Amino acid sequence: MNIEKDIFKRTIVNFKQIELYGFKKENNKYIFEKNFLKDDFKAIITIDDKGIISGKVIDLQINEEYTNINTEMTGEFINKVRESYKDILIDIRNKCFENKYFIFDQSNRINKYIKDKYNNEPEFLWNKFPGYAVYRNEKNKKWYGIIMNLDMSKLNNGTGETEIINIKLDENKIKKLLKQKGFYEAYHMSKKDWISIILNDTLKDDEIISLLNESYELVN
């Protein structure tokens with residue numbers, strides 16, 4: 001369990017706003033402290049210069065870190081501390097962070113390119129999969145790209161959350177690309193006509209964009 005990661009997923013920090021909120025800059029980090037639950041606990045929130053947020057809770061009665069909040073342990077008292085800490089984080093998120101569509105930076109850069117080039121906004125069609133975004137050719141409404149978040153185990157023997165884009169390409173080109181790093185058989189799409197490309201900067205943006213443009217033209 002990682003409370004901070006879950007709450008701040010798909011967000012980006014507004015550095016000007018966090019200083020107004022009360023974060024204090026120390027070297028390359030911004031730190032915010034707040035007591036809660038009748039001053040029995042203290043939340044210490046840290047944001048580094050890349051916008052990565054981390055936090056810990058101190059039990060002020062014994063002056064030690066209260067680590068139970070990031071475990072699977074439950075109980076009335078643990079839940080009370082955990083939920084109170086979450087409330088602090090959610091308030092910071094709502095007042096100091098902005099939403100972004102995707103988890104990975106490369107996914108957001110590809111989305112920006114699509115918007116600038118084709119004036120397309122992502123369509124989030126499935127409540128069950130809120131991170132899945134479809135891009136359609138405006139002329140005929142056919143799909144030419146789908147960004148999805150999934151565990152690496154769905155693609156290979158790896159683990160951990162990642163994001164991919166599925167695009168449509170010529171069958172022979174797909175066969176050649178599958179021999180290269182960063183390309184996988186299409187996830188949840190026809191493996192004959194589609195291919196999955198990982199969006200973790202394994203491949204350069206320009207290479208992905210070139211293939212994305214081919215997909216757009218192929219469904220045009």
# chains A, B, ... in the order shown; residues from 1 in each chain; ligands from 1
call {"tool": "residues_around", "arguments": {"residues": "stretch 193-203 of chain A", "least_positions_apart": "2", "cutoff": "6 Å", "atoms": "only C-alpha atoms", "output": "JSON, numbers by chain"}}
result
{"A": [106, 107, 163, 164, 165, 166, 167, 168, 169, 171, 182, 183, 184, 185, 186, 190, 191]}
call {"tool": "write_last_selection", "arguments": {"atoms": "N, CA and C atoms", "output": "PDB file, in the first residue's frame"}}
result
ATOM      1  N   GLN A 106       5.714  10.195 -20.919  1.00  0.00           N
ATOM      2  CA  GLN A 106       5.684   9.974 -22.366  1.00  0.00           C
ATOM      3  C   GLN A 106       4.246   9.847 -22.866  1.00  0.00           C
ATOM      4  N   SER A 107       3.387   9.217 -22.092  1.00  0.00           N
ATOM      5  CA  SER A 107       1.978   9.110 -22.470  1.00  0.00           C
ATOM      6  C   SER A 107       1.348  10.489 -22.614  1.00  0.00           C
ATOM      7  N   GLU A 163       2.218   1.909 -19.016  1.00  0.00           N
ATOM      8  CA  GLU A 163       1.225   2.359 -19.991  1.00  0.00           C
ATOM      9  C   GLU A 163       1.716   2.014 -21.384  1.00  0.00           C
ATOM     10  N   ILE A 164       0.766   1.689 -22.242  1.00  0.00           N
ATOM     11  CA  ILE A 164       1.069   1.347 -23.628  1.00  0.00           C
ATOM     12  C   ILE A 164       0.132   2.119 -24.549  1.00  0.00           C
ATOM     13  N   ILE A 165       0.501   2.159 -25.817  1.00  0.00           N
ATOM     14  CA  ILE A 165      -0.436   2.639 -26.828  1.00  0.00           C
ATOM     15  C   ILE A 165      -0.572   1.550 -27.874  1.00  0.00           C
ATOM     16  N   ASN A 166      -1.796   1.207 -28.206  1.00  0.00           N
ATOM     17  CA  ASN A 166      -2.075   0.280 -29.295  1.00  0.00           C
ATOM     18  C   ASN A 166      -2.326   1.085 -30.558  1.00  0.00           C
ATOM     19  N   ILE A 167      -1.628   0.720 -31.624  1.00  0.00           N
ATOM     20  CA  ILE A 167      -1.851   1.384 -32.911  1.00  0.00           C
ATOM     21  C   ILE A 167      -2.004   0.332 -34.005  1.00  0.00           C
ATOM     22  N   LYS A 168      -2.622   0.741 -35.099  1.00  0.00           N
ATOM     23  CA  LYS A 168      -2.887  -0.165 -36.210  1.00  0.00           C
ATOM     24  C   LYS A 168      -1.812   0.019 -37.276  1.00  0.00           C
ATOM     25  N   LEU A 169      -1.233  -1.099 -37.732  1.00  0.00           N
ATOM     26  CA  LEU A 169      -0.177  -1.038 -38.740  1.00  0.00           C
ATOM     27  C   LEU A 169      -0.320  -2.191 -39.728  1.00  0.00           C
ATOM     28  N   GLU A 171       0.445  -5.577 -41.490  1.00  0.00           N
ATOM     29  CA  GLU A 171       0.770  -6.859 -40.858  1.00  0.00           C
ATOM     30  C   GLU A 171       2.261  -7.178 -40.948  1.00  0.00           C
ATOM     31  N   GLY A 182      10.626  -2.783 -26.902  1.00  0.00           N
ATOM     32  CA  GLY A 182       9.579  -1.788 -26.696  1.00  0.00           C
ATOM     33  C   GLY A 182       8.281  -2.085 -27.407  1.00  0.00           C
ATOM     34  N   PHE A 183       8.275  -3.128 -28.268  1.00  0.00           N
ATOM     35  CA  PHE A 183       7.078  -3.506 -29.016  1.00  0.00           C
ATOM     36  C   PHE A 183       6.577  -4.868 -28.535  1.00  0.00           C
ATOM     37  N   TYR A 184       5.241  -4.993 -28.455  1.00  0.00           N
ATOM     38  CA  TYR A 184       4.644  -6.228 -27.958  1.00  0.00           C
ATOM     39  C   TYR A 184       3.415  -6.573 -28.800  1.00  0.00           C
ATOM     40  N   GLU A 185       3.064  -7.850 -28.762  1.00  0.00           N
ATOM     41  CA  GLU A 185       1.816  -8.244 -29.415  1.00  0.00           C
ATOM     42  C   GLU A 185       0.667  -7.445 -28.815  1.00  0.00           C
ATOM     43  N   ALA A 186      -0.260  -7.066 -29.647  1.00  0.00           N
ATOM     44  CA  ALA A 186      -1.337  -6.161 -29.227  1.00  0.00           C
ATOM     45  C   ALA A 186      -2.100  -6.727 -28.041  1.00  0.00           C
ATOM     46  N   SER A 190      -6.708  -7.164 -32.049  1.00  0.00           N
ATOM     47  CA  SER A 190      -6.264  -8.124 -33.047  1.00  0.00           C
ATOM     48  C   SER A 190      -4.749  -8.057 -33.205  1.00  0.00           C
ATOM     49  N   LYS A 191      -4.081  -9.166 -32.966  1.00  0.00           N
ATOM     50  CA  LYS A 191      -2.628  -9.194 -33.057  1.00  0.00           C
ATOM     51  C   LYS A 191      -2.149  -9.145 -34.505  1.00  0.00           C
TER      52      LYS A 191
END
call {"tool": "residues_around", "arguments": {"residues": "A:Asp151", "least_positions_apart": "3", "cutoff": "12 Å", "atoms": "only C-alpha atoms", "output": "PyMOL selection string"}}
result
chain A and resi 148+154-164+187+198
call {"tool": "write_last_selection", "arguments": {"atoms": "C-alpha atoms", "output": "compact mmCIF listing (two decimals), in the first residue's frame"}}
result
# COMPACT_ATOMS: atom_id res chain seq x y z
CA MET A 148 -3.97 1.85 -21.62
CA LYS A 154 0.21 -8.72 -19.23
CA LEU A 155 2.96 -8.13 -21.80
CA ASN A 156 5.91 -10.20 -20.56
CA ASN A 157 7.36 -11.59 -17.36
CA GLY A 158 7.84 -8.17 -15.77
CA THR A 159 5.85 -6.60 -12.96
CA GLY A 160 4.67 -3.11 -12.08
CA GLU A 161 2.22 -0.72 -13.67
CA THR A 162 3.03 0.68 -17.09
CA GLU A 163 1.22 2.36 -19.99
CA ILE A 164 1.07 1.35 -23.63
CA TYR A 187 -3.02 -6.28 -25.85
CA ILE A 198 5.34 0.73 -24.28
call {"tool": "select_by_dssp", "arguments": {"residues": "stretch 13-149 of chain A", "states": "strand (DSSP E)", "output": "PyMOL selection string"}}
result
chain A and resi 13+24-26+29-36+41-48+53-59+64-65+97-99+133-136+143-149
call {"tool": "residues_around", "arguments": {"residues": "A:Thr67", "least_positions_apart": "3", "cutoff": "10 Å", "atoms": "only C-alpha atoms", "output": "PyMOL selection string"}}
result
chain A and resi 56-59+64+70-71
call {"tool": "write_last_selection", "arguments": {"atoms": "C-alpha atoms", "output": "mmCIF file, in the first residue's frame"}}
result
data_model
loop_
_atom_site.group_PDB
_atom_site.id
_atom_site.type_symbol
_atom_site.label_atom_id
_atom_site.label_comp_id
_atom_site.auth_asym_id
_atom_site.auth_seq_id
_atom_site.Cartn_x
_atom_site.Cartn_y
_atom_site.Cartn_z
ATOM 1 C CA LYS A 56 5.138 10.003 6.797
ATOM 2 C CA VAL A 57 3.164 10.177 10.007
ATOM 3 C CA ILE A 58 4.771 10.719 13.400
ATOM 4 C CA ASP A 59 3.136 9.456 16.595
ATOM 5 C CA GLU A 64 8.268 7.713 16.364
ATOM 6 C CA ASN A 70 0.917 1.965 4.831
ATOM 7 C CA THR A 71 0.189 -1.657 5.695
#
call {"tool": "select_by_dssp", "arguments": {"residues": "stretch 129-190 of chain A", "states": "helix (DSSP H, G or I)", "output": "PyMOL selection string"}}
result
chain A and resi 152-154+171-177
call {"tool": "write_last_selection", "arguments": {"atoms": "C-alpha atoms", "output": "PDB file, in the first residue's frame"}}
result
ATOM      1  CA  MET A 152       3.778  -5.489 -17.200  1.00  0.00           C
ATOM      2  CA  SER A 153       2.897  -9.123 -16.552  1.00  0.00           C
ATOM      3  CA  LYS A 154       0.208  -8.720 -19.231  1.00  0.00           C
ATOM      4  CA  GLU A 171       0.770  -6.859 -40.858  1.00  0.00           C
ATOM      5  CA  ASN A 172       4.303  -7.252 -42.261  1.00  0.00           C
ATOM      6  CA  LYS A 173       5.534  -4.183 -40.405  1.00  0.00           C
ATOM      7  CA  ILE A 174       4.107  -5.535 -37.153  1.00  0.00           C
ATOM      8  CA  LYS A 175       6.107  -8.740 -37.594  1.00  0.00           C
ATOM      9  CA  LYS A 176       9.336  -6.756 -37.991  1.00  0.00           C
ATOM     10  CA  LEU A 177       8.658  -4.417 -35.078  1.00  0.00           C
TER      11      LEU A 177
END
call {"tool": "residues_around", "arguments": {"residues": "A:Glu33", "least_positions_apart": "2", "cutoff": "7 Å", "atoms": "only C-alpha atoms", "output": "list in words"}}
result
Ile31, Asn35, Lys42, Ala43, Ile44 and Ile45 of chain A
call {"tool": "atom_distance", "arguments": {"atom1": "atom CA of A:Ser54", "atom2": "atom CA of A:Leu89"}}
result
10.1 Å
call {"tool": "closest_residue", "arguments": {"among": "A:Glu98, A:Leu211, A:Leu60, A:Met1", "to": "A:Met73", "atoms": "only C-alpha atoms"}}
result
A:Met1
call {"tool": "closest_atom_pairs", "arguments": {"of": "stretch 87-188 of chain A", "to": "stretch 5-20 of chain A", "cutoff": "6 Å", "atoms": "only C-alpha atoms", "output": "Markdown table"}}
result
| residue | atom | partner | partner_atom | distance |
| --- | --- | --- | --- | --- |
| A:Cys96 | CA | A:Gln17 | CA | 5.2 |
| A:Phe97 | CA | A:Val13 | CA | 4.4 |
| A:Glu98 | CA | A:Ile12 | CA | 5.2 |
| A:Asn99 | CA | A:Thr11 | CA | 4.4 |
| A:Lys100 | CA | A:Arg10 | CA | 5.1 |
| A:Phe102 | CA | A:Arg10 | CA | 5.4 |
| A:Ile103 | CA | A:Arg10 | CA | 5.0 |
call {"tool": "write_last_selection", "arguments": {"atoms": "C-alpha atoms", "output": "compact mmCIF listing (two decimals), in the first residue's frame"}}
result
# COMPACT_ATOMS: atom_id res chain seq x y z
CA CYS A 96 -1.93 22.35 -5.15
CA PHE A 97 -2.02 19.78 -7.96
CA GLU A 98 -3.49 19.72 -11.44
CA ASN A 99 -4.97 16.72 -13.19
CA LYS A 100 -3.19 15.03 -16.05
CA PHE A 102 -1.97 9.66 -17.86
CA ILE A 103 0.56 8.31 -15.39
call {"tool": "closest_residue", "arguments": {"among": "A:Glu72, A:Asp170, A:Glu207, A:Glu214", "to": "A:Ile3", "atoms": "only C-alpha atoms"}}
result
A:Glu72
call {"tool": "closest_residue", "arguments": {"among": "A:Glu83, A:Glu121, A:Asp105, A:Glu217", "to": "A:Tyr144", "atoms": "only C-alpha atoms"}}
result
A:Glu217
call {"tool": "closest_residue", "arguments": {"among": "A:Asp116, A:Asp91, A:Asp205, A:Asp40", "to": "A:Tyr21", "atoms": "only C-alpha atoms"}}
result
A:Asp91
call {"tool": "decode", "arguments": {"residues": "stretch 63-112 of chain A", "atoms": "N, CA and C atoms", "output": "PDB file, in the first residue's frame"}}
result
ATOM      1  N   ASN A  63       7.002   9.972  19.730  1.00  0.00           N
ATOM      2  CA  ASN A  63       7.952  10.606  18.808  1.00  0.00           C
ATOM      3  C   ASN A  63       8.617   9.591  17.875  1.00  0.00           C
ATOM      4  N   GLU A  64       7.789   8.692  17.333  1.00  0.00           N
ATOM      5  CA  GLU A  64       8.268   7.713  16.364  1.00  0.00           C
ATOM      6  C   GLU A  64       7.312   7.657  15.177  1.00  0.00           C
ATOM      7  N   GLU A  65       7.840   7.213  14.025  1.00  0.00           N
ATOM      8  CA  GLU A  65       7.000   7.122  12.840  1.00  0.00           C
ATOM      9  C   GLU A  65       5.923   6.056  13.029  1.00  0.00           C
ATOM     10  N   TYR A  66       4.709   6.405  12.628  1.00  0.00           N
ATOM     11  CA  TYR A  66       3.581   5.482  12.704  1.00  0.00           C
ATOM     12  C   TYR A  66       3.440   4.824  11.326  1.00  0.00           C
ATOM     13  N   THR A  67       3.968   3.619  11.194  1.00  0.00           N
ATOM     14  CA  THR A  67       4.055   2.965   9.891  1.00  0.00           C
ATOM     15  C   THR A  67       2.832   2.126   9.530  1.00  0.00           C
ATOM     16  N   ASN A  68       1.925   1.953  10.466  1.00  0.00           N
ATOM     17  CA  ASN A  68       0.776   1.076  10.209  1.00  0.00           C
ATOM     18  C   ASN A  68      -0.124   1.574   9.083  1.00  0.00           C
ATOM     19  N   ILE A  69      -0.090   2.877   8.797  1.00  0.00           N
ATOM     20  CA  ILE A  69      -1.006   3.411   7.786  1.00  0.00           C
ATOM     21  C   ILE A  69      -0.696   2.887   6.391  1.00  0.00           C
ATOM     22  N   ASN A  70       0.548   2.475   6.152  1.00  0.00           N
ATOM     23  CA  ASN A  70       0.917   1.965   4.831  1.00  0.00           C
ATOM     24  C   ASN A  70       1.027   0.448   4.814  1.00  0.00           C
ATOM     25  N   THR A  71       0.263  -0.201   5.680  1.00  0.00           N
ATOM     26  CA  THR A  71       0.189  -1.657   5.695  1.00  0.00           C
ATOM     27  C   THR A  71      -1.262  -2.058   5.416  1.00  0.00           C
ATOM     28  N   GLU A  72      -1.479  -3.342   5.316  1.00  0.00           N
ATOM     29  CA  GLU A  72      -2.832  -3.856   5.097  1.00  0.00           C
ATOM     30  C   GLU A  72      -3.593  -4.011   6.411  1.00  0.00           C
ATOM     31  N   MET A  73      -2.974  -3.615   7.511  1.00  0.00           N
ATOM     32  CA  MET A  73      -3.625  -3.749   8.820  1.00  0.00           C
ATOM     33  C   MET A  73      -4.880  -2.890   8.890  1.00  0.00           C
ATOM     34  N   THR A  74      -5.883  -3.401   9.560  1.00  0.00           N
ATOM     35  CA  THR A  74      -7.126  -2.669   9.746  1.00  0.00           C
ATOM     36  C   THR A  74      -7.493  -2.671  11.221  1.00  0.00           C
ATOM     37  N   GLY A  75      -8.495  -1.901  11.526  1.00  0.00           N
ATOM     38  CA  GLY A  75      -8.943  -1.749  12.906  1.00  0.00           C
ATOM     39  C   GLY A  75      -9.436  -0.328  13.072  1.00  0.00           C
ATOM     40  N   GLU A  76     -10.290  -0.115  14.033  1.00  0.00           N
ATOM     41  CA  GLU A  76     -10.922   1.189  14.201  1.00  0.00           C
ATOM     42  C   GLU A  76      -9.893   2.298  14.363  1.00  0.00           C
ATOM     43  N   PHE A  77      -8.874   2.087  15.180  1.00  0.00           N
ATOM     44  CA  PHE A  77      -7.901   3.143  15.437  1.00  0.00           C
ATOM     45  C   PHE A  77      -7.000   3.370  14.229  1.00  0.00           C
ATOM     46  N   ILE A  78      -6.489   2.282  13.658  1.00  0.00           N
ATOM     47  CA  ILE A  78      -5.622   2.417  12.480  1.00  0.00           C
ATOM     48  C   ILE A  78      -6.368   3.102  11.343  1.00  0.00           C
ATOM     49  N   ASN A  79      -7.598   2.695  11.118  1.00  0.00           N
ATOM     50  CA  ASN A  79      -8.394   3.296  10.041  1.00  0.00           C
ATOM     51  C   ASN A  79      -8.627   4.781  10.282  1.00  0.00           C
ATOM     52  N   LYS A  80      -8.822   5.155  11.537  1.00  0.00           N
ATOM     53  CA  LYS A  80      -9.053   6.561  11.876  1.00  0.00           C
ATOM     54  C   LYS A  80      -7.817   7.404  11.552  1.00  0.00           C
ATOM     55  N   VAL A  81      -6.644   6.897  11.931  1.00  0.00           N
ATOM     56  CA  VAL A  81      -5.401   7.616  11.630  1.00  0.00           C
ATOM     57  C   VAL A  81      -5.184   7.683  10.120  1.00  0.00           C
ATOM     58  N   ARG A  82      -5.384   6.563   9.451  1.00  0.00           N
ATOM     59  CA  ARG A  82      -5.167   6.488   8.004  1.00  0.00           C
ATOM     60  C   ARG A  82      -6.092   7.452   7.267  1.00  0.00           C
ATOM     61  N   GLU A  83      -7.372   7.459   7.623  1.00  0.00           N
ATOM     62  CA  GLU A  83      -8.333   8.313   6.928  1.00  0.00           C
ATOM     63  C   GLU A  83      -8.053   9.798   7.199  1.00  0.00           C
ATOM     64  N   SER A  84      -7.629  10.118   8.413  1.00  0.00           N
ATOM     65  CA  SER A  84      -7.303  11.509   8.731  1.00  0.00           C
ATOM     66  C   SER A  84      -6.087  11.975   7.930  1.00  0.00           C
ATOM     67  N   TYR A  85      -5.113  11.086   7.784  1.00  0.00           N
ATOM     68  CA  TYR A  85      -3.927  11.394   6.978  1.00  0.00           C
ATOM     69  C   TYR A  85      -4.321  11.564   5.511  1.00  0.00           C
ATOM     70  N   LYS A  86      -5.184  10.691   5.026  1.00  0.00           N
ATOM     71  CA  LYS A  86      -5.661  10.806   3.643  1.00  0.00           C
ATOM     72  C   LYS A  86      -6.355  12.141   3.411  1.00  0.00           C
ATOM     73  N   ASP A  87      -7.136  12.598   4.382  1.00  0.00           N
ATOM     74  CA  ASP A  87      -7.832  13.884   4.241  1.00  0.00           C
ATOM     75  C   ASP A  87      -6.842  15.031   4.028  1.00  0.00           C
ATOM     76  N   ILE A  88      -5.716  14.973   4.733  1.00  0.00           N
ATOM     77  CA  ILE A  88      -4.682  16.004   4.559  1.00  0.00           C
ATOM     78  C   ILE A  88      -4.116  15.940   3.141  1.00  0.00           C
ATOM     79  N   LEU A  89      -3.811  14.737   2.677  1.00  0.00           N
ATOM     80  CA  LEU A  89      -3.250  14.566   1.338  1.00  0.00           C
ATOM     81  C   LEU A  89      -4.236  15.003   0.252  1.00  0.00           C
ATOM     82  N   ILE A  90      -5.487  14.644   0.429  1.00  0.00           N
ATOM     83  CA  ILE A  90      -6.501  14.999  -0.569  1.00  0.00           C
ATOM     84  C   ILE A  90      -6.677  16.508  -0.654  1.00  0.00           C
ATOM     85  N   ASP A  91      -6.612  17.196   0.479  1.00  0.00           N
ATOM     86  CA  ASP A  91      -6.717  18.652   0.466  1.00  0.00           C
ATOM     87  C   ASP A  91      -5.531  19.270  -0.281  1.00  0.00           C
ATOM     88  N   ILE A  92      -4.333  18.733  -0.058  1.00  0.00           N
ATOM     89  CA  ILE A  92      -3.148  19.205  -0.790  1.00  0.00           C
ATOM     90  C   ILE A  92      -3.318  18.954  -2.288  1.00  0.00           C
ATOM     91  N   ARG A  93      -3.789  17.757  -2.629  1.00  0.00           N
ATOM     92  CA  ARG A  93      -3.999  17.434  -4.041  1.00  0.00           C
ATOM     93  C   ARG A  93      -5.002  18.386  -4.691  1.00  0.00           C
ATOM     94  N   ASN A  94      -6.097  18.632  -4.021  1.00  0.00           N
ATOM     95  CA  ASN A  94      -7.147  19.461  -4.606  1.00  0.00           C
ATOM     96  C   ASN A  94      -6.737  20.917  -4.762  1.00  0.00           C
ATOM     97  N   LYS A  95      -5.858  21.397  -3.886  1.00  0.00           N
ATOM     98  CA  LYS A  95      -5.496  22.821  -3.897  1.00  0.00           C
ATOM     99  C   LYS A  95      -4.146  23.112  -4.544  1.00  0.00           C
ATOM    100  N   CYS A  96      -3.294  22.098  -4.685  1.00  0.00           N
ATOM    101  CA  CYS A  96      -1.929  22.354  -5.154  1.00  0.00           C
ATOM    102  C   CYS A  96      -1.522  21.527  -6.369  1.00  0.00           C
ATOM    103  N   PHE A  97      -2.373  20.637  -6.824  1.00  0.00           N
ATOM    104  CA  PHE A  97      -2.023  19.783  -7.957  1.00  0.00           C
ATOM    105  C   PHE A  97      -3.063  19.927  -9.064  1.00  0.00           C
ATOM    106  N   GLU A  98      -2.617  19.684 -10.277  1.00  0.00           N
ATOM    107  CA  GLU A  98      -3.492  19.722 -11.438  1.00  0.00           C
ATOM    108  C   GLU A  98      -3.610  18.318 -12.015  1.00  0.00           C
ATOM    109  N   ASN A  99      -4.753  18.039 -12.604  1.00  0.00           N
ATOM    110  CA  ASN A  99      -4.970  16.716 -13.187  1.00  0.00           C
ATOM    111  C   ASN A  99      -4.203  16.565 -14.495  1.00  0.00           C
ATOM    112  N   LYS A 100      -3.730  15.372 -14.743  1.00  0.00           N
ATOM    113  CA  LYS A 100      -3.189  15.026 -16.049  1.00  0.00           C
ATOM    114  C   LYS A 100      -3.826  13.704 -16.455  1.00  0.00           C
ATOM    115  N   TYR A 101      -3.910  13.471 -17.742  1.00  0.00           N
ATOM    116  CA  TYR A 101      -4.650  12.309 -18.214  1.00  0.00           C
ATOM    117  C   TYR A 101      -3.983  10.992 -17.853  1.00  0.00           C
ATOM    118  N   PHE A 102      -2.654  10.951 -17.942  1.00  0.00           N
ATOM    119  CA  PHE A 102      -1.970   9.665 -17.856  1.00  0.00           C
ATOM    120  C   PHE A 102      -0.888   9.668 -16.790  1.00  0.00           C
ATOM    121  N   ILE A 103      -0.402   8.479 -16.464  1.00  0.00           N
ATOM    122  CA  ILE A 103       0.559   8.311 -15.390  1.00  0.00           C
ATOM    123  C   ILE A 103       1.962   8.666 -15.847  1.00  0.00           C
ATOM    124  N   PHE A 104       2.353   8.191 -17.029  1.00  0.00           N
ATOM    125  CA  PHE A 104       3.717   8.359 -17.499  1.00  0.00           C
ATOM    126  C   PHE A 104       3.867   9.642 -18.301  1.00  0.00           C
ATOM    127  N   ASP A 105       5.027  10.276 -18.194  1.00  0.00           N
ATOM    128  CA  ASP A 105       5.290  11.519 -18.920  1.00  0.00           C
ATOM    129  C   ASP A 105       5.191  11.311 -20.428  1.00  0.00           C
ATOM    130  N   GLN A 106       5.714  10.195 -20.919  1.00  0.00           N
ATOM    131  CA  GLN A 106       5.684   9.974 -22.366  1.00  0.00           C
ATOM    132  C   GLN A 106       4.246   9.847 -22.866  1.00  0.00           C
ATOM    133  N   SER A 107       3.387   9.217 -22.092  1.00  0.00           N
ATOM    134  CA  SER A 107       1.978   9.110 -22.470  1.00  0.00           C
ATOM    135  C   SER A 107       1.348  10.489 -22.614  1.00  0.00           C
ATOM    136  N   ASN A 108       1.655  11.382 -21.694  1.00  0.00           N
ATOM    137  CA  ASN A 108       1.101  12.733 -21.751  1.00  0.00           C
ATOM    138  C   ASN A 108       1.687  13.538 -22.908  1.00  0.00           C
ATOM    139  N   ARG A 109       2.952  13.282 -23.243  1.00  0.00           N
ATOM    140  CA  ARG A 109       3.543  13.969 -24.394  1.00  0.00           C
ATOM    141  C   ARG A 109       2.910  13.489 -25.701  1.00  0.00           C
ATOM    142  N   ILE A 110       2.661  12.194 -25.799  1.00  0.00           N
ATOM    143  CA  ILE A 110       2.006  11.653 -26.994  1.00  0.00           C
ATOM    144  C   ILE A 110       0.585  12.196 -27.101  1.00  0.00           C
ATOM    145  N   ASN A 111      -0.102  12.282 -25.978  1.00  0.00           N
ATOM    146  CA  ASN A 111      -1.451  12.857 -25.979  1.00  0.00           C
ATOM    147  C   ASN A 111      -1.435  14.298 -26.470  1.00  0.00           C
ATOM    148  N   LYS A 112      -0.448  15.065 -26.024  1.00  0.00           N
ATOM    149  CA  LYS A 112      -0.332  16.464 -26.456  1.00  0.00           C
ATOM    150  C   LYS A 112      -0.097  16.537 -27.961  1.00  0.00           C
TER     151      LYS A 112
END
